[in-house]
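See structure below.
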Amino acid sequence: MTSTENVSPQWIEAQYQSYQQNPQSVPEEWRSFFQGFELGLDRSTSAPDHKPAEVQTLIRRYREIGHLYACVDPLTPCEFDHPQLQLDKFGLDQADLERTFATDNFILPNAPLKEIVSVLEETYCRSIGIEFTHIPIMEERKWLQERMESTRNKLDLSREKKLATLKKLLQATRFESFIHRKFVGQKRFSLEGGESVIPLLDHLIEHGAGLEIEHVIIGMAHRGRLNVLANIYDKPLENIFAEFADNETFKIVGEGDVKYHKGYSTDRKYGDRNIHISLASNPSHLEAVDPVVEGKCRARQERLKGDGEQLVLPLLIHGDAAFAGQGVVAEVLNLSQLEGYKTGGTIHLVINNQIGFTTLPVDARSTCYPTDIAKMLMSPILHVHGDEPEALLQAATIALEFRQKFRKDVVIEVICYRKHGHNEGDEPFFTQPKMYEAIRSKQPTAEIYRTQLLQEGFAETELDALATDVENELENALQRPPHELEEGFMKKWAKISRDFSFDPVDTSVERQELNRLIAAATATPDDFTPHRKIASLLKKRKSSVESGEKIDWGTGEALAFASIVAEGKSIRVSGQDSRRGTFNHRHATLSDIETGRNHTPLDIFAHNSGGHFTIYNSMLSEMAVLGFDYGYSVETPNDLTIWEAQFGDFANGAQVIIDQFIASSMAKWDRSSGLTMFLPHGYEGQGPEHSSARIERYLQLCAGSNLLVSNPSTPAQLFHLLRRQVNASYRRPLIVFTPKALLRHPACTSSAEDFTAAGFQEIIPDQLENKDCRRVLLCSGKIYYDLLEHRQQNSCEDIAIIRVEQLYPLHRDLLLQILEGYPQQTEYCWVQEETGNGGAWDHLRPQLGKLLGSEITYIGRKRSASPAVGSHRVHKLEQQRIIEQAFAE
Ligand SMILES: Cc1ncc(C[n+]2csc(CCOP(=O)(O)OP(=O)(O)O)c2C)c(N)n1
């Protein structure tokens, strides 16, 4: 029912009047509300039988608040007294228990009250507490109700399945205790206390295989990760042990990472069905991997034949403290239904061990459940007792089937405990003595379940044999050498070199082809009416390419996109207002002014070449969206993925993704990416915030050719840079500082020859004669045009201007070759418009000094805590001073 807090009394009055005229005219819930209301009125007057309606209210209350009384916490005794669900709260009494009531919208249409209550108790107040009545869509609620009430929310498990469940529990428990014994004192972030997560995951994957799922991508943090690798991914135990031993027997690529952060993938077979399961590599930074997993899933979903959302399942495993505390969780939930980012629903598994490091829930969240943030999606949230494996299997079944049917996120909270300290060397009694006293006396879930199975008639010998098998397997593995692992992931990357190279990449396009590309990129259907100004912009774009002159930035970018897609490669662009472009230069998606319909001209190539062009306006977040696009790019090395910041400095909201994935994934996990980041940059007097994209931050992250950092100064350079990104032998994340004012600067144009000529120039030499040169100005980006204008106006022909278009990796040989042409006594200056502690200066200074054999002169803004001044007037004075200094006698 619509929350009564949000509706006005007038609205309710109107509904009531409508109900009085025709009860069928109002929604079902309001109908029963008004029925109850009228019965209440009747009771106070002639007191007819109000009890049938009260029974209906009782049913509704169980569905709404039953979860509050469910027995789901292994550390707290269950409450059997449910004050708000007692019969007298509904005007019913013990005598009514034997009486038969007709019900509406309930699994027992006619039953004694005691049976009705029993179904409700079992379904809603046993080992699964479910929140679902906040879901506004009746079909979804009814589906859940029927699934749960008809089974009392319990799975009917076969004998084999029960044994398999016990085996998984034993594997989970014994894996931890084995490592505890054999690798004393080593951190493993034990799963103990939450071992039932292993049979739960095992069941999810197996059940998923029966529901058409072919890929599962899991993102998870440290807790239980090694256990999941061993017992879900079947990563050879001997390899895991070799990592604990940390000797020379296993291969490390790059710098490597700790064992509980590494990714893995494998195939699992169920009869004739194959399911590929991947575990995303992740950094320590909790929850940062979530959007990455979503992006990876989306890329796979788009590239599989058939219904991708049904075939690929994202599964995120969270800790309770992190799920409640990390903002990126809300961001990722918010992506889940957006056109450019949805993945057909994610299963979220929250391992609620009721503590985060040493912090208790009372200090970790302001909400009742750690999962409350997920309620915003109007999705079901299941809270389940962690020592009840069969209840967890039921929860997993419902969650998966709901996700497959309704394509929405579902949350399962496993309420458990953490047997040891945060890691195994940590003493939990320092901070939680009482809690840990209770935990000390807990039996492992495997023991609890074993006892249950014995009570159900299983033979002790049969159950003990399972435990012996598990122990033997661990012992045997310890004796075996590690395997050479072959991962499916690498296939896509097989033809791509790990090594960066300065070898030129021919990115030219023939003259005729340019005309064809721009014609397609500017075409609109006959029945499409663009805005008058857009029509003229498209016309101008087309004629500039046809005439081969004054091709501007937007046109250069469109040509790059069109040429890549025409070659059969796909492009995804995502960012805030990217379709139009924050600065009005792109107009990649057009709107029909009569119908509002959208049209993306570049999509036309999909029909001919198979290359798709997709562009999305993103939600107003940086971290989740960049993480998503990074994940997408890792899955699509042969295509181009571009994430665009509204202004470059906003990318700092995604710093975790930049530091932990983009800059370092190759070194840590041998995972590269060709993600391209567009970061608008340029000092234009707009104040401290929108001037600098913080070039210095990216340069500080550079080492071992991990990133490409570029500040292209012409449309054709952007064209070649983007084409190089998909045609080079290697893949590296590309950081592009993109212009704002230059988008319309009359000098910032290219000619057709610039596009048909070879390729990207890491450094652009000056065209002037070298011999009389007295000073060389080295610069990058927009300031070049200010310097050029001054030189033209003042005929300072003895000063050369060289543009460093790729700041990292710096093409030293090329620069040296260019500088060799200048006379001995030439003075060298680095000119930038950024502050002295910003831009490329600090990064390039030692390199240029070494290259030239002497210190280079700095011309630019002074060092400053803020990237730019607030006053436009002061900005202009500063800019003028820089230019004057560059040309001073
Ligand atoms: C963003 C971030 N902040 C802090 C940490 C340090 N840290 C690692 S685990 C942890 C507690 C996590 O608690 P919870 O999410 O409940 O998972 P649990 O370890 O209990 O399974 C903290 C604070 C981190 N890894 N990432």
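Ordered as shown in the structure tokens, chains take letters A, B, and onward, while each chain numbers its residues from 1 and ligands are numbered from 1 in the order shown.
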
>> Could you list, as a ChimeraX atom specification, all protein and nucleic acid residues with an atom at most 10 Å from ligand 1, counting only C-alpha atoms and all ligand atoms?
In response: /A:189-191,194,221-224,283-288,317-328,350-361,364,370,417-418,421-423,656

Distance query region 25-40 of chain A at most 8 Å, only C-alpha atoms, self and fewer than 6 positions along chain excluded, as a PDB file with all heavy atoms, in the first residue's frame:
```pdb
ATOM      1  N   MET A   1       0.853  -1.206   0.000  1.00  0.00           N
ATOM      2  CA  MET A   1       0.000   0.000   0.000  1.00  0.00           C
ATOM      3  C   MET A   1       0.876   1.239   0.000  1.00  0.00           C
ATOM      4  O   MET A   1       1.934   1.240   0.621  1.00  0.00           O
ATOM      5  CB  MET A   1      -0.888  -0.027   1.242  1.00  0.00           C
ATOM      6  CG  MET A   1      -1.787   1.160   1.357  1.00  0.00           C
ATOM      7  SD  MET A   1      -3.247   0.813   2.325  1.00  0.00           S
ATOM      8  CE  MET A   1      -2.611   0.494   3.915  1.00  0.00           C
ATOM      9  N   GLN A  15     -10.512   8.649  -2.451  1.00  0.00           N
ATOM     10  CA  GLN A  15     -10.480   7.196  -2.657  1.00  0.00           C
ATOM     11  C   GLN A  15     -11.664   6.531  -1.941  1.00  0.00           C
ATOM     12  O   GLN A  15     -12.282   5.612  -2.469  1.00  0.00           O
ATOM     13  CB  GLN A  15      -9.170   6.608  -2.088  1.00  0.00           C
ATOM     14  CG  GLN A  15      -7.924   7.037  -2.818  1.00  0.00           C
ATOM     15  CD  GLN A  15      -7.822   6.373  -4.188  1.00  0.00           C
ATOM     16  OE1 GLN A  15      -7.924   5.170  -4.324  1.00  0.00           O
ATOM     17  NE2 GLN A  15      -7.677   7.177  -5.214  1.00  0.00           N
ATOM     18  N   TYR A  16     -11.949   7.033  -0.747  1.00  0.00           N
ATOM     19  CA  TYR A  16     -13.017   6.428   0.048  1.00  0.00           C
ATOM     20  C   TYR A  16     -14.375   6.621  -0.626  1.00  0.00           C
ATOM     21  O   TYR A  16     -15.196   5.698  -0.701  1.00  0.00           O
ATOM     22  CB  TYR A  16     -13.000   7.010   1.467  1.00  0.00           C
ATOM     23  CG  TYR A  16     -13.994   6.319   2.389  1.00  0.00           C
ATOM     24  CD1 TYR A  16     -14.055   4.925   2.455  1.00  0.00           C
ATOM     25  CD2 TYR A  16     -14.856   7.057   3.193  1.00  0.00           C
ATOM     26  CE1 TYR A  16     -14.953   4.273   3.290  1.00  0.00           C
ATOM     27  CE2 TYR A  16     -15.768   6.414   4.040  1.00  0.00           C
ATOM     28  CZ  TYR A  16     -15.814   5.033   4.079  1.00  0.00           C
ATOM     29  OH  TYR A  16     -16.710   4.387   4.892  1.00  0.00           O
ATOM     30  N   SER A  18     -14.876   7.027  -3.744  1.00  0.00           N
ATOM     31  CA  SER A  18     -14.885   6.163  -4.908  1.00  0.00           C
ATOM     32  C   SER A  18     -15.183   4.724  -4.488  1.00  0.00           C
ATOM     33  O   SER A  18     -15.950   3.998  -5.121  1.00  0.00           O
ATOM     34  CB  SER A  18     -13.519   6.308  -5.573  1.00  0.00           C
ATOM     35  OG  SER A  18     -13.331   5.394  -6.521  1.00  0.00           O
ATOM     36  N   TYR A  19     -14.591   4.310  -3.362  1.00  0.00           N
ATOM     37  CA  TYR A  19     -14.814   2.953  -2.824  1.00  0.00           C
ATOM     38  C   TYR A  19     -16.287   2.737  -2.469  1.00  0.00           C
ATOM     39  O   TYR A  19     -16.862   1.686  -2.749  1.00  0.00           O
ATOM     40  CB  TYR A  19     -13.917   2.759  -1.609  1.00  0.00           C
ATOM     41  CG  TYR A  19     -14.264   1.558  -0.756  1.00  0.00           C
ATOM     42  CD1 TYR A  19     -13.818   0.279  -1.114  1.00  0.00           C
ATOM     43  CD2 TYR A  19     -15.033   1.701   0.398  1.00  0.00           C
ATOM     44  CE1 TYR A  19     -14.141  -0.836  -0.346  1.00  0.00           C
ATOM     45  CE2 TYR A  19     -15.358   0.589   1.175  1.00  0.00           C
ATOM     46  CZ  TYR A  19     -14.920  -0.675   0.803  1.00  0.00           C
ATOM     47  OH  TYR A  19     -15.239  -1.761   1.567  1.00  0.00           O
ATOM     48  N   PRO A  48     -21.347  -6.014  14.231  1.00  0.00           N
ATOM     49  CA  PRO A  48     -21.466  -7.270  13.490  1.00  0.00           C
ATOM     50  C   PRO A  48     -20.104  -7.987  13.550  1.00  0.00           C
ATOM     51  O   PRO A  48     -19.206  -7.512  14.199  1.00  0.00           O
ATOM     52  CB  PRO A  48     -21.783  -6.808  12.079  1.00  0.00           C
ATOM     53  CG  PRO A  48     -21.098  -5.498  11.968  1.00  0.00           C
ATOM     54  CD  PRO A  48     -21.059  -4.900  13.345  1.00  0.00           C
ATOM     55  N   HIS A  50     -16.664  -8.520  12.896  1.00  0.00           N
ATOM     56  CA  HIS A  50     -15.537  -7.813  12.281  1.00  0.00           C
ATOM     57  C   HIS A  50     -14.340  -8.737  12.111  1.00  0.00           C
ATOM     58  O   HIS A  50     -13.340  -8.381  11.532  1.00  0.00           O
ATOM     59  CB  HIS A  50     -15.124  -6.638  13.177  1.00  0.00           C
ATOM     60  CG  HIS A  50     -14.687  -7.077  14.539  1.00  0.00           C
ATOM     61  ND1 HIS A  50     -15.579  -7.265  15.561  1.00  0.00           N
ATOM     62  CD2 HIS A  50     -13.473  -7.399  15.017  1.00  0.00           C
ATOM     63  CE1 HIS A  50     -14.910  -7.686  16.646  1.00  0.00           C
ATOM     64  NE2 HIS A  50     -13.635  -7.776  16.337  1.00  0.00           N
ATOM     65  N   ALA A  53     -12.250  -9.568   8.761  1.00  0.00           N
ATOM     66  CA  ALA A  53     -11.371  -8.472   8.296  1.00  0.00           C
ATOM     67  C   ALA A  53     -10.133  -8.371   9.167  1.00  0.00           C
ATOM     68  O   ALA A  53      -9.036  -8.058   8.691  1.00  0.00           O
ATOM     69  CB  ALA A  53     -12.142  -7.157   8.317  1.00  0.00           C
ATOM     70  N   GLU A  54     -10.289  -8.655  10.442  1.00  0.00           N
ATOM     71  CA  GLU A  54      -9.130  -8.605  11.336  1.00  0.00           C
ATOM     72  C   GLU A  54      -8.114  -9.690  10.987  1.00  0.00           C
ATOM     73  O   GLU A  54      -6.902  -9.483  11.063  1.00  0.00           O
ATOM     74  CB  GLU A  54      -9.571  -8.758  12.804  1.00  0.00           C
ATOM     75  CG  GLU A  54     -10.468  -7.657  13.323  1.00  0.00           C
ATOM     76  CD  GLU A  54      -9.759  -6.305  13.443  1.00  0.00           C
ATOM     77  OE1 GLU A  54      -8.612  -6.170  12.960  1.00  0.00           O
ATOM     78  OE2 GLU A  54     -10.360  -5.379  14.012  1.00  0.00           O
ATOM     79  N   GLN A  56      -7.601 -10.755   8.068  1.00  0.00           N
ATOM     80  CA  GLN A  56      -6.914 -10.237   6.879  1.00  0.00           C
ATOM     81  C   GLN A  56      -5.818  -9.241   7.288  1.00  0.00           C
ATOM     82  O   GLN A  56      -4.715  -9.238   6.734  1.00  0.00           O
ATOM     83  CB  GLN A  56      -7.961  -9.562   5.973  1.00  0.00           C
ATOM     84  CG  GLN A  56      -7.614  -9.560   4.509  1.00  0.00           C
ATOM     85  CD  GLN A  56      -7.405 -10.956   3.930  1.00  0.00           C
ATOM     86  OE1 GLN A  56      -8.177 -11.876   4.186  1.00  0.00           O
ATOM     87  NE2 GLN A  56      -6.326 -11.112   3.174  1.00  0.00           N
ATOM     88  N   THR A  57      -6.144  -8.422   8.269  1.00  0.00           N
ATOM     89  CA  THR A  57      -5.148  -7.446   8.748  1.00  0.00           C
ATOM     90  C   THR A  57      -3.968  -8.171   9.397  1.00  0.00           C
ATOM     91  O   THR A  57      -2.810  -7.796   9.204  1.00  0.00           O
ATOM     92  CB  THR A  57      -5.795  -6.490   9.784  1.00  0.00           C
ATOM     93  OG1 THR A  57      -6.979  -5.967   9.207  1.00  0.00           O
ATOM     94  CG2 THR A  57      -4.858  -5.358  10.154  1.00  0.00           C
TER      95      THR A  57
END
```

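Comparing A:Thr451, A:Thr714, A:Gln512, A:Thr676 by their smallest distance to Ile642 (chain A), the closest is A:Thr676 (using only C-alpha atoms).
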
> Distance CA of Gln84 (chain A)-CA of Asp49 (chain A), one decimal place?
Replying inline: 22.2 Å

> Leaving out Leu851 (chain A) and any residue of its chain fewer than 3 positions from it, which residues lie within 12 Å of it when counting only C-alpha atoms, given as a PyMOL selection string?
Replying inline: chain A and resi 810-820+828+844-848+854-856

Kindly export the residues of the current selection with N, CA and C atoms, as a PDB file, in the first residue's frame.
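The result, stored in selection.pdb:
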```pdb
ATOM      1  N   LEU A 810      57.079  10.015 -21.874  1.00  0.00           N
ATOM      2  CA  LEU A 810      57.714  11.082 -22.651  1.00  0.00           C
ATOM      3  C   LEU A 810      58.591  10.449 -23.731  1.00  0.00           C
ATOM      4  N   HIS A 811      58.377  10.894 -24.949  1.00  0.00           N
ATOM      5  CA  HIS A 811      59.169  10.330 -26.061  1.00  0.00           C
ATOM      6  C   HIS A 811      60.501  11.057 -26.102  1.00  0.00           C
ATOM      7  N   ARG A 812      61.413  10.626 -25.265  1.00  0.00           N
ATOM      8  CA  ARG A 812      62.686  11.348 -25.102  1.00  0.00           C
ATOM      9  C   ARG A 812      63.491  11.378 -26.394  1.00  0.00           C
ATOM     10  N   ASP A 813      63.547  10.241 -27.089  1.00  0.00           N
ATOM     11  CA  ASP A 813      64.371  10.194 -28.313  1.00  0.00           C
ATOM     12  C   ASP A 813      63.866  11.199 -29.329  1.00  0.00           C
ATOM     13  N   LEU A 814      62.542  11.242 -29.460  1.00  0.00           N
ATOM     14  CA  LEU A 814      61.964  12.171 -30.435  1.00  0.00           C
ATOM     15  C   LEU A 814      62.244  13.610 -30.021  1.00  0.00           C
ATOM     16  N   LEU A 815      62.122  13.891 -28.744  1.00  0.00           N
ATOM     17  CA  LEU A 815      62.353  15.252 -28.263  1.00  0.00           C
ATOM     18  C   LEU A 815      63.812  15.634 -28.492  1.00  0.00           C
ATOM     19  N   LEU A 816      64.686  14.721 -28.169  1.00  0.00           N
ATOM     20  CA  LEU A 816      66.118  14.982 -28.342  1.00  0.00           C
ATOM     21  C   LEU A 816      66.442  15.261 -29.809  1.00  0.00           C
ATOM     22  N   GLN A 817      65.856  14.468 -30.650  1.00  0.00           N
ATOM     23  CA  GLN A 817      66.061  14.612 -32.097  1.00  0.00           C
ATOM     24  C   GLN A 817      65.591  16.003 -32.549  1.00  0.00           C
ATOM     25  N   ILE A 818      64.471  16.456 -32.029  1.00  0.00           N
ATOM     26  CA  ILE A 818      63.946  17.770 -32.406  1.00  0.00           C
ATOM     27  C   ILE A 818      64.859  18.872 -31.855  1.00  0.00           C
ATOM     28  N   LEU A 819      65.285  18.702 -30.611  1.00  0.00           N
ATOM     29  CA  LEU A 819      66.082  19.762 -29.975  1.00  0.00           C
ATOM     30  C   LEU A 819      67.500  19.845 -30.555  1.00  0.00           C
ATOM     31  N   GLU A 820      67.957  18.752 -31.113  1.00  0.00           N
ATOM     32  CA  GLU A 820      69.304  18.750 -31.689  1.00  0.00           C
ATOM     33  C   GLU A 820      69.461  19.772 -32.806  1.00  0.00           C
ATOM     34  N   TYR A 828      66.215  27.246 -22.975  1.00  0.00           N
ATOM     35  CA  TYR A 828      65.031  26.382 -22.944  1.00  0.00           C
ATOM     36  C   TYR A 828      64.132  26.735 -21.755  1.00  0.00           C
ATOM     37  N   LEU A 844      58.097  16.886 -15.246  1.00  0.00           N
ATOM     38  CA  LEU A 844      59.001  16.957 -16.391  1.00  0.00           C
ATOM     39  C   LEU A 844      60.357  17.577 -16.041  1.00  0.00           C
ATOM     40  N   ARG A 845      60.358  18.402 -15.027  1.00  0.00           N
ATOM     41  CA  ARG A 845      61.561  19.175 -14.701  1.00  0.00           C
ATOM     42  C   ARG A 845      62.832  18.301 -14.638  1.00  0.00           C
ATOM     43  N   PRO A 846      62.848  17.231 -13.816  1.00  0.00           N
ATOM     44  CA  PRO A 846      64.086  16.446 -13.778  1.00  0.00           C
ATOM     45  C   PRO A 846      64.392  15.760 -15.107  1.00  0.00           C
ATOM     46  N   GLN A 847      63.344  15.346 -15.806  1.00  0.00           N
ATOM     47  CA  GLN A 847      63.584  14.648 -17.076  1.00  0.00           C
ATOM     48  C   GLN A 847      64.156  15.581 -18.122  1.00  0.00           C
ATOM     49  N   LEU A 848      63.587  16.798 -18.199  1.00  0.00           N
ATOM     50  CA  LEU A 848      64.074  17.751 -19.199  1.00  0.00           C
ATOM     51  C   LEU A 848      65.482  18.209 -18.843  1.00  0.00           C
ATOM     52  N   SER A 854      71.156  20.660 -18.485  1.00  0.00           N
ATOM     53  CA  SER A 854      71.145  21.820 -17.586  1.00  0.00           C
ATOM     54  C   SER A 854      69.707  22.105 -17.154  1.00  0.00           C
ATOM     55  N   GLU A 855      69.571  22.855 -16.074  1.00  0.00           N
ATOM     56  CA  GLU A 855      68.244  23.180 -15.533  1.00  0.00           C
ATOM     57  C   GLU A 855      67.458  23.981 -16.565  1.00  0.00           C
ATOM     58  N   ILE A 856      66.183  23.737 -16.634  1.00  0.00           N
ATOM     59  CA  ILE A 856      65.335  24.452 -17.583  1.00  0.00           C
ATOM     60  C   ILE A 856      64.566  25.541 -16.820  1.00  0.00           C
TER      61      ILE A 856
END
```

>> Among region 687-863 of chain A, which residues does DSSP mark as alpha helix (DSSP H) when it is run on the backbone? Keep the chain and numbering as in the structure and answer as a PyMOL selection string.
In response: chain A and resi 695-700+715-727+752-756+783-794+812-819+841-852

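Checking A:Thr524, A:Ser336, A:Ser574, A:Thr636 one by one against Asp592 (chain A), counting only C-alpha atoms, you find the shortest gap at A:Thr524.
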
> How would you write, as number ranges by chain, the set of residues in region 144-310 of chain A that DSSP gives as strand (DSSP E)?
Replying inline: A: 215-220, 264-270, 273-279

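Restricting the calculation to only C-alpha atoms, the smallest distance between Asp290 (chain A) and any of A:Val625, A:Ala172, A:Met435, A:Ala245 is found for A:Val625.
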
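Comparing A:Ser196, A:Asn598, A:Thr76, A:Asn282 by their smallest distance to Phe528 (chain A), the closest is A:Asn598 (using only C-alpha atoms).
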
> Which polymer residues have any atom within 9 Å of an atom of Lys235 (chain A), counting only C-alpha atoms, with same-chain residues fewer than 6 positions away left out, as number ranges by chain?
Replying inline: A: 228-229, 264-266, 485

> Which neighbours of region 378-390 of chain A fall inside 7 Å, counting only C-alpha atoms, when residues of the same chain fewer than 6 positions from it are skipped, and could you give them as number ranges by chain?
Replying inline: A: 71-74, 127-132, 134-135, 155, 194, 196, 408-416, 445

>> Which residues are near His720 (chain A)? Cut-off 8 Å, only C-alpha atoms, ignore same chain within fewer than 4 positions. Put them as a ChimeraX atom specification.
In response: /A:507-508,560,716,724,755,759-760

Keeping N, CA, C and O atoms for every residue in the selection just given, could you write it to a file as a PDB file, in the first residue's frame?
```pdb
ATOM      1  N   THR A 507      47.525   5.545 -38.091  1.00  0.00           N
ATOM      2  CA  THR A 507      46.106   5.776 -37.791  1.00  0.00           C
ATOM      3  C   THR A 507      45.460   6.666 -38.857  1.00  0.00           C
ATOM      4  O   THR A 507      44.407   7.244 -38.631  1.00  0.00           O
ATOM      5  N   SER A 508      46.130   6.774 -39.987  1.00  0.00           N
ATOM      6  CA  SER A 508      45.601   7.648 -41.035  1.00  0.00           C
ATOM      7  C   SER A 508      44.349   7.047 -41.663  1.00  0.00           C
ATOM      8  O   SER A 508      44.109   5.840 -41.582  1.00  0.00           O
ATOM      9  N   ALA A 560      36.893  10.574 -35.548  1.00  0.00           N
ATOM     10  CA  ALA A 560      37.580   9.476 -34.851  1.00  0.00           C
ATOM     11  C   ALA A 560      36.575   8.375 -34.515  1.00  0.00           C
ATOM     12  O   ALA A 560      36.786   7.200 -34.817  1.00  0.00           O
ATOM     13  N   ALA A 716      42.962  16.927 -35.054  1.00  0.00           N
ATOM     14  CA  ALA A 716      43.545  15.757 -35.723  1.00  0.00           C
ATOM     15  C   ALA A 716      44.378  14.944 -34.747  1.00  0.00           C
ATOM     16  O   ALA A 716      44.424  13.704 -34.832  1.00  0.00           O
ATOM     17  N   ARG A 724      44.731   5.384 -32.213  1.00  0.00           N
ATOM     18  CA  ARG A 724      45.878   4.617 -31.711  1.00  0.00           C
ATOM     19  C   ARG A 724      45.441   3.716 -30.556  1.00  0.00           C
ATOM     20  O   ARG A 724      45.919   2.588 -30.405  1.00  0.00           O
ATOM     21  N   PHE A 755      44.513  14.611 -41.058  1.00  0.00           N
ATOM     22  CA  PHE A 755      43.851  13.333 -40.760  1.00  0.00           C
ATOM     23  C   PHE A 755      44.372  12.214 -41.666  1.00  0.00           C
ATOM     24  O   PHE A 755      44.405  11.061 -41.271  1.00  0.00           O
ATOM     25  N   GLY A 759      50.079   9.656 -38.278  1.00  0.00           N
ATOM     26  CA  GLY A 759      49.506   9.267 -36.987  1.00  0.00           C
ATOM     27  C   GLY A 759      49.740  10.294 -35.901  1.00  0.00           C
ATOM     28  O   GLY A 759      50.105  11.447 -36.170  1.00  0.00           O
ATOM     29  N   PHE A 760      49.535   9.858 -34.662  1.00  0.00           N
ATOM     30  CA  PHE A 760      49.662  10.739 -33.508  1.00  0.00           C
ATOM     31  C   PHE A 760      51.118  11.165 -33.336  1.00  0.00           C
ATOM     32  O   PHE A 760      52.035  10.364 -33.445  1.00  0.00           O
TER      33      PHE A 760
END
```

> Contacts of Gly554 (chain A) at 9 Å or less, counting only C-alpha atoms, minus same-chain residues fewer than 2 places along, as a ChimeraX atom specification?
Replying inline: /A:541,551-552,556-559,585-587,715,743
